[in-house]
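Novice: What follows is a single structure, and I will ask about it in a moment.
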Amino acid sequence: MRWLVGWCGASASAARDIQPLGAMPLWEGPDPLWAVGDWRPDEIRLVYADGDTHLAVFGYCGADDAQLRRSLVSARAGALRQLTTWPGSYTAVARFGRRTVIPTDLAGTRPVFHAGWAGGTAYATAALPLADLTEAQLDVEHLAALLACPEAPEATGTGTPYRGVHRVPPGHALTLREGGSRGMAVTVDYEPATPTVVAAPPVEREEAIAGVREALVEAVRTRLAAPRHAPTRDPGPVPGLGPADRRAARSPEPAPGVGADLSGGSASATLALLAAGLPGMPGTIYGTGTTLAGERLLAVTFNDLTAAATNGPTAVLRAAEMERARAIAENPRLHHLVVPAGEEALPFADLDAGPLTDEPGPSLVTTARHRHRLASGSADHLIGNGARQVLDAHPARLADLLLDRRRRHLLRPVTALARASRGETANRPAFVVPFTVYRAARRLARTSYTEGIAGAAHLLRQPHEVNGAGGSALGASLAALAWCRPGPAARWLTGEALAEVSIRLEAVAARPRASAASGRPGARRARAALARHAADHRVFEQAVEVRHQRLHAPFYDNQVVRACQALPESLRVQPGARADVLRAVLTGAGVRDLPPGWGATTPASHAETLRAGLRAHVGDLVDLFDAPLLADAGLIEARTIRKALRSAAEGEPLPLDGLADIVSTEVWLRRLLTRRGSCWTAEGHHDPRAVTSGVSP
């Protein structure tokens, strides 16, 4: 894991003899800055302007030094947004004399955390080092909120699993002053808000799609312009080990150069085709493995043999997805590699192995599955994560269309939802489902923010309502048409835990002028969903990390997010909008030969894969909850979870994502409890496991 850390205003006596382990100092003095971890030389850039004004950029940034310097001068005058408008994915730390500014990204994959320490403020891009530094204890209430309402910032707030360590919200910047007190840490919003009374003129469809194309091309070009990296070579003879033994002892290493996923979906295929078609140095170095002349990019396809062994509809959809991947891989610029996997790559496998991530996340139960695929990838690997969150419209956007009096744009999405729910509503008249969705959207449009949050708080106190949330596609869409709804894991939390989260929501609803700052329901729910998935993606990167490999998700880049937000809402709510936009992006880039079925989705495959993994590992999971730490913390009852695991493995229609959230949180707590060592070095430093206080093994 790579992170940066620094502080402002800390007392000299406390900061004199402490520093992060394995740190590389970038700025010295009373307010230092360090880079910690296996950073590549090209991932850290330092730029200096006149006076005591300088900038550190971590990650992949497409701007040259002159552009960075101009943006730094503009930010010094107050235009902090200029530090976030370059192509790529990065974290910028700007120093203006006695002032330090660290902006987050718009999605949340590049977060910033801060905590009060030694009379000042310490900041970092990881929460666990700050918890070590400040001897923070585990925040059980935050874990309860994360399980009960994962997509509700009103419940989770700016907290983290560590008490006293706070997260800077996406789209905000942390401003610190040298020598200031704890109160001098200020969080400001750098992204201008869209007016809600008099809206700006909407961007035309063609212009908006052209903006998405330009942003995606620049994002991919930024990755291709970086130096090519290759894993380190075999260190040589080792006493008692031959070459084959040394290879077996090493962890899997990626191929040199740049590669991409090719799952058959539209997002990963778009990135692979763009990366293979852009001029310049090819992503995959000629001669790597079996790469032939003219093949510019390694494209990796994961083939789940367990899904192919079944005879259900999911197997048919998965087979069609594989055929689309093979058809796309016919492109002579792609070197196609199919990675097969069986039961060893099912979810819930090898939960005892894996690194400790900064926070819990659902990807902890699928780590083995993803590592199996990514180990065959490249040193810099493009993935399509985030496309659905930035391109698709949240169901609550239907309420926004009603607020704009654009009812005719609801016809196609409501009809498509009715068609998808036809099997679930076979005994109802044809007009019932569209009318039900329209009525729910109208109810949301007429509900104020404070009423919606207060209603969610009341809902958490009704166990039968929480247990009935979610379910079918129609039920999930209706549940999403609300300001705030419980998550899939809420049904298994204890009444005390749900009551604590309910109190948090009631406190937010009781704030004065809360509705005035809420904005529209669809826009707010979409931002919250994007932030939650971006945080889960960050946990995914840490959990599946392969040595010498970097994962790149261009759809989470600032400029790509901005371009996607400029798409007209009337376009984004239509069925198949994501596939249509990405088809137009590729057409504008010169790629027109796409296979039949482009953009088709397999919504049931995720649930079927989770159920297959649950069925294969139900014994280990039941043993895991024999004496769970979550029960010791008062969040769940072990007997209830064991019963739910057995029932789900036998095919009972339960929300499997909720069970996965609970399992991943339990696994994360156990890894945190068994952790050894600290992120800091200092004589007589504190117990590094102070964060586990309050949870007994």
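Going through the structure tokens in order, the chains are called A, B, and so on, while each chain numbers its residues from 1 and the ligands are numbered from 1 in the order shown.
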Using DSSP on the backbone coordinates, identify all residues within region 279-355 of chain A classified as alpha helix (DSSP H); present the result as a ChimeraX atom specification.
Specialist: /A:305-309,313-328
Novice: Tell me which protein, DNA and RNA residues are within 10 Å of Val544 (chain A), counting only C-alpha atoms, leaving out same-chain ones fewer than 2 positions away, and put them as a PyMOL selection string.
Specialist: chain A and resi 354-355+357+363-364+366-375+539-542+546-547+551
Novice: Closest to Gly280 (chain A) among A:Arg81, A:Arg524, A:Arg221, A:Lys643, using only C-alpha atoms?
Specialist: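 The answer is A:Arg221, which sits nearest to Gly280 (chain A).
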Novice: Report the residues of region 347-510 of chain A whose backbone DSSP state falls under strand (DSSP E or B), written as a list in words.
Specialist: Ser378, Ala379, Asp380, His381, Leu382 and Leu493 of chain A
Novice: Please list as a ChimeraX atom specification every residue within 8 Å of Ala122 (chain A), counting only C-alpha atoms and excluding residues in the same chain fewer than 5 positions away.
Specialist: /A:5-8,10,114-117,130
Novice: List as a PyMOL selection string the protein and nucleic acid residues near Arg550 (chain A), meaning an atom at most 9 Å away when only C-alpha atoms are counted, but skip any in the same chain fewer than 2 places from it.
Specialist: chain A and resi 378-382+541+545-548+552
Novice: Please provide the set of residues having any atom within 7 Å of region 480-497 of chain A, restricted to only C-alpha atoms, with same-chain residues fewer than 4 positions apart removed, written as an mmCIF file with all heavy atoms, in the first residue's frame.
Specialist:
data_model
loop_
_atom_site.group_PDB
_atom_site.id
_atom_site.type_symbol
_atom_site.label_atom_id
_atom_site.label_comp_id
_atom_site.auth_asym_id
_atom_site.auth_seq_id
_atom_site.Cartn_x
_atom_site.Cartn_y
_atom_site.Cartn_z
ATOM 1 N N ALA A 144 -21.405 0.296 12.210
ATOM 2 C CA ALA A 144 -22.843 0.052 12.154
ATOM 3 C C ALA A 144 -23.504 0.876 11.062
ATOM 4 O O ALA A 144 -24.351 0.377 10.305
ATOM 5 C CB ALA A 144 -23.481 0.366 13.511
ATOM 6 N N LEU A 147 -22.740 -0.535 7.607
ATOM 7 C CA LEU A 147 -23.517 -1.721 7.273
ATOM 8 C C LEU A 147 -25.001 -1.404 7.084
ATOM 9 O O LEU A 147 -25.665 -1.993 6.230
ATOM 10 C CB LEU A 147 -23.352 -2.779 8.369
ATOM 11 C CG LEU A 147 -21.981 -3.454 8.467
ATOM 12 C CD1 LEU A 147 -21.898 -4.311 9.723
ATOM 13 C CD2 LEU A 147 -21.707 -4.302 7.228
ATOM 14 N N ALA A 148 -25.519 -0.481 7.866
ATOM 15 C CA ALA A 148 -26.953 -0.187 7.805
ATOM 16 C C ALA A 148 -27.316 0.677 6.611
ATOM 17 O O ALA A 148 -28.300 0.404 5.914
ATOM 18 C CB ALA A 148 -27.404 0.489 9.101
ATOM 19 N N CYS A 149 -26.549 1.730 6.348
ATOM 20 C CA CYS A 149 -26.849 2.674 5.253
ATOM 21 C C CYS A 149 -25.555 3.035 4.539
ATOM 22 O O CYS A 149 -25.016 4.138 4.724
ATOM 23 C CB CYS A 149 -27.520 3.926 5.786
ATOM 24 S SG CYS A 149 -29.097 3.652 6.617
ATOM 25 N N PRO A 150 -25.002 2.124 3.737
ATOM 26 C CA PRO A 150 -23.687 2.373 3.150
ATOM 27 C C PRO A 150 -23.651 3.547 2.175
ATOM 28 O O PRO A 150 -22.603 4.174 2.006
ATOM 29 C CB PRO A 150 -23.360 1.053 2.437
ATOM 30 C CG PRO A 150 -24.685 0.401 2.213
ATOM 31 C CD PRO A 150 -25.547 0.819 3.354
ATOM 32 N N ALA A 152 -25.476 6.345 2.404
ATOM 33 C CA ALA A 152 -26.068 7.524 3.026
ATOM 34 C C ALA A 152 -24.986 8.305 3.764
ATOM 35 O O ALA A 152 -24.590 7.917 4.870
ATOM 36 C CB ALA A 152 -27.185 7.122 3.992
ATOM 37 N N PRO A 395 -31.737 5.636 -10.257
ATOM 38 C CA PRO A 395 -33.210 5.656 -10.378
ATOM 39 C C PRO A 395 -33.858 6.913 -9.810
ATOM 40 O O PRO A 395 -34.905 7.349 -10.299
ATOM 41 C CB PRO A 395 -33.631 4.409 -9.602
ATOM 42 C CG PRO A 395 -32.461 3.479 -9.725
ATOM 43 C CD PRO A 395 -31.248 4.355 -9.717
ATOM 44 N N ALA A 396 -33.233 7.507 -8.801
ATOM 45 C CA ALA A 396 -33.814 8.720 -8.229
ATOM 46 C C ALA A 396 -33.767 9.901 -9.191
ATOM 47 O O ALA A 396 -34.423 10.924 -8.948
ATOM 48 C CB ALA A 396 -33.081 9.084 -6.932
ATOM 49 N N ALA A 440 -43.944 6.364 -7.276
ATOM 50 C CA ALA A 440 -42.814 6.463 -6.348
ATOM 51 C C ALA A 440 -41.920 7.647 -6.698
ATOM 52 O O ALA A 440 -41.427 8.357 -5.804
ATOM 53 C CB ALA A 440 -42.011 5.161 -6.371
ATOM 54 N N ALA A 441 -41.688 7.889 -8.004
ATOM 55 C CA ALA A 441 -40.872 9.039 -8.410
ATOM 56 C C ALA A 441 -41.562 10.350 -8.051
ATOM 57 O O ALA A 441 -40.918 11.308 -7.593
ATOM 58 C CB ALA A 441 -40.595 8.966 -9.908
ATOM 59 N N LEU A 444 -41.203 10.974 -4.328
ATOM 60 C CA LEU A 444 -39.873 11.474 -3.980
ATOM 61 C C LEU A 444 -39.719 12.940 -4.369
ATOM 62 O O LEU A 444 -39.131 13.734 -3.620
ATOM 63 C CB LEU A 444 -38.804 10.625 -4.672
ATOM 64 C CG LEU A 444 -37.361 11.094 -4.516
ATOM 65 C CD1 LEU A 444 -36.960 11.153 -3.046
ATOM 66 C CD2 LEU A 444 -36.408 10.172 -5.281
ATOM 67 N N TYR A 449 -36.112 17.060 1.806
ATOM 68 C CA TYR A 449 -34.934 16.331 2.290
ATOM 69 C C TYR A 449 -35.087 15.936 3.757
ATOM 70 O O TYR A 449 -34.824 14.785 4.135
ATOM 71 C CB TYR A 449 -33.699 17.200 2.083
ATOM 72 C CG TYR A 449 -32.431 16.643 2.667
ATOM 73 C CD1 TYR A 449 -31.795 15.541 2.094
ATOM 74 C CD2 TYR A 449 -31.844 17.219 3.791
ATOM 75 C CE1 TYR A 449 -30.626 15.032 2.627
ATOM 76 C CE2 TYR A 449 -30.678 16.727 4.328
ATOM 77 C CZ TYR A 449 -30.066 15.628 3.743
ATOM 78 O OH TYR A 449 -28.912 15.127 4.282
ATOM 79 N N GLY A 452 -37.495 13.109 4.108
ATOM 80 C CA GLY A 452 -36.947 11.845 3.634
ATOM 81 C C GLY A 452 -35.972 11.227 4.613
ATOM 82 O O GLY A 452 -36.000 10.010 4.851
ATOM 83 N N ILE A 453 -35.105 12.047 5.210
ATOM 84 C CA ILE A 453 -34.135 11.519 6.170
ATOM 85 C C ILE A 453 -34.838 11.081 7.452
ATOM 86 O O ILE A 453 -34.517 10.026 8.038
ATOM 87 C CB ILE A 453 -33.054 12.574 6.478
ATOM 88 C CG1 ILE A 453 -32.305 12.950 5.196
ATOM 89 C CG2 ILE A 453 -32.076 12.051 7.509
ATOM 90 C CD1 ILE A 453 -31.642 11.785 4.500
ATOM 91 N N ALA A 456 -36.386 7.753 6.788
ATOM 92 C CA ALA A 456 -35.411 6.653 6.827
ATOM 93 C C ALA A 456 -35.052 6.296 8.264
ATOM 94 O O ALA A 456 -34.877 5.112 8.597
ATOM 95 C CB ALA A 456 -34.155 7.040 6.046
ATOM 96 N N VAL A 466 -37.337 -3.126 7.386
ATOM 97 C CA VAL A 466 -35.930 -3.303 7.011
ATOM 98 C C VAL A 466 -35.734 -4.656 6.347
ATOM 99 O O VAL A 466 -35.030 -4.790 5.345
ATOM 100 C CB VAL A 466 -35.020 -3.157 8.249
ATOM 101 C CG1 VAL A 466 -33.585 -3.497 7.897
ATOM 102 C CG2 VAL A 466 -35.110 -1.743 8.797
ATOM 103 N N ASN A 467 -36.381 -5.695 6.877
ATOM 104 C CA ASN A 467 -36.231 -7.034 6.306
ATOM 105 C C ASN A 467 -36.829 -7.129 4.914
ATOM 106 O O ASN A 467 -36.407 -7.962 4.111
ATOM 107 C CB ASN A 467 -36.895 -8.070 7.212
ATOM 108 C CG ASN A 467 -36.163 -8.228 8.522
ATOM 109 O OD1 ASN A 467 -34.999 -7.853 8.634
ATOM 110 N ND2 ASN A 467 -36.837 -8.766 9.523
ATOM 111 N N GLY A 470 -35.292 -4.035 -0.657
ATOM 112 C CA GLY A 470 -34.532 -4.656 -1.746
ATOM 113 C C GLY A 470 -35.334 -5.737 -2.409
ATOM 114 O O GLY A 470 -36.526 -5.631 -2.655
ATOM 115 N N ALA A 476 -35.832 -3.196 -5.916
ATOM 116 C CA ALA A 476 -34.615 -2.400 -5.747
ATOM 117 C C ALA A 476 -34.792 -1.005 -6.323
ATOM 118 O O ALA A 476 -34.332 -0.009 -5.741
ATOM 119 C CB ALA A 476 -33.440 -3.110 -6.407
ATOM 120 N N VAL A 501 -27.874 4.182 14.440
ATOM 121 C CA VAL A 501 -27.856 4.798 13.115
ATOM 122 C C VAL A 501 -29.070 5.692 12.934
ATOM 123 O O VAL A 501 -28.986 6.780 12.340
ATOM 124 C CB VAL A 501 -27.805 3.705 12.024
ATOM 125 C CG1 VAL A 501 -27.777 4.337 10.640
ATOM 126 C CG2 VAL A 501 -26.590 2.818 12.218
ATOM 127 N N PRO A 521 -33.007 15.353 -5.296
ATOM 128 C CA PRO A 521 -32.814 13.984 -4.769
ATOM 129 C C PRO A 521 -31.989 13.105 -5.682
ATOM 130 O O PRO A 521 -31.120 12.352 -5.218
ATOM 131 C CB PRO A 521 -34.252 13.465 -4.619
ATOM 132 C CG PRO A 521 -35.080 14.330 -5.507
ATOM 133 C CD PRO A 521 -34.426 15.678 -5.493
ATOM 134 N N ARG A 525 -28.424 11.505 -4.540
ATOM 135 C CA ARG A 525 -28.264 10.058 -4.451
ATOM 136 C C ARG A 525 -27.174 9.556 -5.394
ATOM 137 O O ARG A 525 -26.438 8.619 -5.073
ATOM 138 C CB ARG A 525 -29.592 9.366 -4.772
ATOM 139 C CG ARG A 525 -30.661 9.493 -3.698
ATOM 140 C CD ARG A 525 -30.257 8.833 -2.384
ATOM 141 N NE ARG A 525 -29.846 7.449 -2.559
ATOM 142 C CZ ARG A 525 -30.657 6.401 -2.532
ATOM 143 N NH1 ARG A 525 -31.949 6.594 -2.365
ATOM 144 N NH2 ARG A 525 -30.185 5.179 -2.663
ATOM 145 N N LEU A 635 -23.085 -5.630 17.132
ATOM 146 C CA LEU A 635 -23.699 -5.271 15.854
ATOM 147 C C LEU A 635 -24.577 -6.375 15.276
ATOM 148 O O LEU A 635 -25.521 -6.090 14.533
ATOM 149 C CB LEU A 635 -22.607 -4.894 14.838
ATOM 150 C CG LEU A 635 -21.717 -3.710 15.214
ATOM 151 C CD1 LEU A 635 -20.767 -3.380 14.078
ATOM 152 C CD2 LEU A 635 -22.562 -2.494 15.565
ATOM 153 N N ILE A 636 -24.255 -7.630 15.561
ATOM 154 C CA ILE A 636 -25.025 -8.746 15.019
ATOM 155 C C ILE A 636 -25.219 -9.795 16.107
ATOM 156 O O ILE A 636 -24.603 -9.719 17.179
ATOM 157 C CB ILE A 636 -24.312 -9.401 13.807
ATOM 158 C CG1 ILE A 636 -22.979 -10.005 14.269
ATOM 159 C CG2 ILE A 636 -24.129 -8.433 12.665
ATOM 160 C CD1 ILE A 636 -22.309 -10.885 13.232
ATOM 161 N N GLU A 637 -26.069 -10.767 15.813
ATOM 162 C CA GLU A 637 -26.192 -11.969 16.631
ATOM 163 C C GLU A 637 -25.651 -13.138 15.823
ATOM 164 O O GLU A 637 -26.094 -13.375 14.692
ATOM 165 C CB GLU A 637 -27.653 -12.216 17.012
ATOM 166 C CG GLU A 637 -28.215 -11.173 17.963
ATOM 167 C CD GLU A 637 -29.640 -11.497 18.381
ATOM 168 O OE1 GLU A 637 -30.136 -12.565 17.951
ATOM 169 O OE2 GLU A 637 -30.243 -10.695 19.112
ATOM 170 N N PRO A 655 -30.781 -11.316 0.370
ATOM 171 C CA PRO A 655 -29.848 -10.358 -0.238
ATOM 172 C C PRO A 655 -28.394 -10.769 0.018
ATOM 173 O O PRO A 655 -27.831 -10.514 1.087
ATOM 174 C CB PRO A 655 -30.203 -9.033 0.446
ATOM 175 C CG PRO A 655 -30.887 -9.413 1.707
ATOM 176 C CD PRO A 655 -31.592 -10.708 1.449
ATOM 177 N N ASP A 657 -25.641 -9.661 -1.236
ATOM 178 C CA ASP A 657 -24.701 -8.552 -1.044
ATOM 179 C C ASP A 657 -24.627 -8.153 0.428
ATOM 180 O O ASP A 657 -23.551 -7.778 0.922
ATOM 181 C CB ASP A 657 -25.124 -7.354 -1.889
ATOM 182 C CG ASP A 657 -24.804 -7.554 -3.364
ATOM 183 O OD1 ASP A 657 -23.885 -8.345 -3.660
ATOM 184 O OD2 ASP A 657 -25.477 -6.940 -4.207
ATOM 185 N N GLY A 658 -25.750 -8.216 1.125
ATOM 186 C CA GLY A 658 -25.734 -7.899 2.547
ATOM 187 C C GLY A 658 -24.925 -8.895 3.345
ATOM 188 O O GLY A 658 -24.155 -8.519 4.241
ATOM 189 N N LEU A 659 -25.066 -10.184 3.047
ATOM 190 C CA LEU A 659 -24.247 -11.196 3.715
ATOM 191 C C LEU A 659 -22.775 -10.996 3.396
ATOM 192 O O LEU A 659 -21.910 -11.161 4.265
ATOM 193 C CB LEU A 659 -24.702 -12.589 3.297
ATOM 194 C CG LEU A 659 -25.981 -13.119 3.956
ATOM 195 C CD1 LEU A 659 -26.361 -14.458 3.356
ATOM 196 C CD2 LEU A 659 -25.796 -13.248 5.457
ATOM 197 N N ASP A 661 -21.303 -8.176 2.750
ATOM 198 C CA ASP A 661 -20.832 -7.025 3.531
ATOM 199 C C ASP A 661 -20.504 -7.430 4.967
ATOM 200 O O ASP A 661 -19.482 -6.996 5.533
ATOM 201 C CB ASP A 661 -21.895 -5.927 3.535
ATOM 202 C CG ASP A 661 -22.035 -5.252 2.179
ATOM 203 O OD1 ASP A 661 -21.109 -5.381 1.361
ATOM 204 O OD2 ASP A 661 -23.075 -4.611 1.940
ATOM 205 N N ILE A 662 -21.353 -8.251 5.567
ATOM 206 C CA ILE A 662 -21.111 -8.666 6.948
ATOM 207 C C ILE A 662 -19.883 -9.568 7.032
ATOM 208 O O ILE A 662 -19.046 -9.423 7.936
ATOM 209 C CB ILE A 662 -22.366 -9.361 7.500
ATOM 210 C CG1 ILE A 662 -23.476 -8.339 7.701
ATOM 211 C CG2 ILE A 662 -22.061 -10.080 8.810
ATOM 212 C CD1 ILE A 662 -24.775 -8.908 8.198
#
Novice: Can you pull out the residues contacting region 603-619 of chain A? Cut-off 6 Å, using only C-alpha atoms, and skip same-chain residues under 6 positions away; I want them as number ranges by chain.
Specialist: A: 314, 346-348, 649
Novice: With N, CA, C and O atoms retained, write the just-selected residues as a PDB file, in the first residue's frame.
Specialist:
ATOM      1  N   THR A 314     -27.986 -18.023 -16.641  1.00  0.00           N
ATOM      2  CA  THR A 314     -26.751 -17.283 -16.397  1.00  0.00           C
ATOM      3  C   THR A 314     -25.610 -17.830 -17.233  1.00  0.00           C
ATOM      4  O   THR A 314     -24.773 -17.065 -17.738  1.00  0.00           O
ATOM      5  N   LEU A 346     -13.799 -18.873  -6.642  1.00  0.00           N
ATOM      6  CA  LEU A 346     -15.146 -18.461  -6.255  1.00  0.00           C
ATOM      7  C   LEU A 346     -15.085 -17.476  -5.092  1.00  0.00           C
ATOM      8  O   LEU A 346     -14.107 -17.435  -4.343  1.00  0.00           O
ATOM      9  N   PRO A 347     -16.111 -16.631  -4.927  1.00  0.00           N
ATOM     10  CA  PRO A 347     -16.152 -15.753  -3.753  1.00  0.00           C
ATOM     11  C   PRO A 347     -16.090 -16.553  -2.446  1.00  0.00           C
ATOM     12  O   PRO A 347     -16.468 -17.717  -2.392  1.00  0.00           O
ATOM     13  N   PHE A 348     -15.577 -15.903  -1.415  1.00  0.00           N
ATOM     14  CA  PHE A 348     -15.418 -16.448  -0.065  1.00  0.00           C
ATOM     15  C   PHE A 348     -14.284 -17.472   0.017  1.00  0.00           C
ATOM     16  O   PHE A 348     -14.155 -18.160   1.026  1.00  0.00           O
ATOM     17  N   ALA A 649     -27.190 -20.602   1.248  1.00  0.00           N
ATOM     18  CA  ALA A 649     -26.509 -21.672   0.520  1.00  0.00           C
ATOM     19  C   ALA A 649     -27.493 -22.694  -0.025  1.00  0.00           C
ATOM     20  O   ALA A 649     -27.234 -23.322  -1.068  1.00  0.00           O
TER      21      ALA A 649
END
Novice: Compile the contact shell of Arg670 (chain A) as an NGL selection string: residues with an atom at most 9 Å away, counting only C-alpha atoms, same-chain residues fewer than 4 positions apart removed.
Specialist: :A and (628-629 or 665-666 or 674-675 or 697)
Novice: Those same residues, written as a PDB file, in the first residue's frame with N, CA and C atoms?
Specialist:
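Result written to out34.pdb:
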ATOM      1  N   PRO A 628     -17.995 -14.461  16.411  1.00  0.00           N
ATOM      2  CA  PRO A 628     -17.590 -13.309  15.599  1.00  0.00           C
ATOM      3  C   PRO A 628     -17.286 -12.073  16.437  1.00  0.00           C
ATOM      4  N   LEU A 629     -16.375 -11.270  15.942  1.00  0.00           N
ATOM      5  CA  LEU A 629     -16.057 -10.007  16.598  1.00  0.00           C
ATOM      6  C   LEU A 629     -17.200  -9.009  16.457  1.00  0.00           C
ATOM      7  N   THR A 665     -16.716  -7.434   6.610  1.00  0.00           N
ATOM      8  CA  THR A 665     -16.417  -6.636   7.808  1.00  0.00           C
ATOM      9  C   THR A 665     -15.841  -7.501   8.914  1.00  0.00           C
ATOM     10  N   GLU A 666     -16.366  -8.705   9.080  1.00  0.00           N
ATOM     11  CA  GLU A 666     -15.816  -9.622  10.082  1.00  0.00           C
ATOM     12  C   GLU A 666     -14.388 -10.016   9.736  1.00  0.00           C
ATOM     13  N   THR A 674      -5.254  -9.125  14.451  1.00  0.00           N
ATOM     14  CA  THR A 674      -4.024  -9.917  14.412  1.00  0.00           C
ATOM     15  C   THR A 674      -2.857  -9.145  13.814  1.00  0.00           C
ATOM     16  N   ARG A 675      -3.028  -7.873  13.585  1.00  0.00           N
ATOM     17  CA  ARG A 675      -1.974  -7.060  12.981  1.00  0.00           C
ATOM     18  C   ARG A 675      -0.801  -6.910  13.935  1.00  0.00           C
ATOM     19  N   PRO A 697     -11.032 -10.731  21.150  1.00  0.00           N
ATOM     20  CA  PRO A 697     -10.954 -11.881  20.278  1.00  0.00           C
ATOM     21  C   PRO A 697     -11.805 -13.026  20.805  1.00  0.00           C
TER      22      PRO A 697
END
Novice: Which of these, A:Ala145, A:Val560, A:Ile383, A:Ala353, has the shortest distance to Ser268 (chain A) once you count only C-alpha atoms?
Specialist: A:Ile383
Novice: Of the residues A:Ile44, A:Ala23, A:Met281, A:Leu305, which is the one nearest to Pro227 (chain A), using only C-alpha atoms?
Specialist: A:Met281
Novice: Looking at A:Ala566, A:Gln549, A:Arg98, A:Arg223, which one is nearest to Glu253 (chain A), with distances taken over only C-alpha atoms?
Specialist: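 Counting only C-alpha atoms, the residue closest to Glu253 (chain A) is A:Gln549.
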Novice: With distances taken over only C-alpha atoms, which residue among A:Pro360, A:Pro170, A:Gly88, A:Pro161 lies nearest Leu224 (chain A)?
Specialist: A:Gly88
Novice: Give the answer as one residue: which of A:Asp392, A:Asp404, A:Leu46, A:Leu356 has the shortest atom-to-atom distance to Arg676 (chain A), using only C-alpha atoms?
Specialist: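 Looking at the shortest contact to Arg676 (chain A), the residue is A:Leu356.
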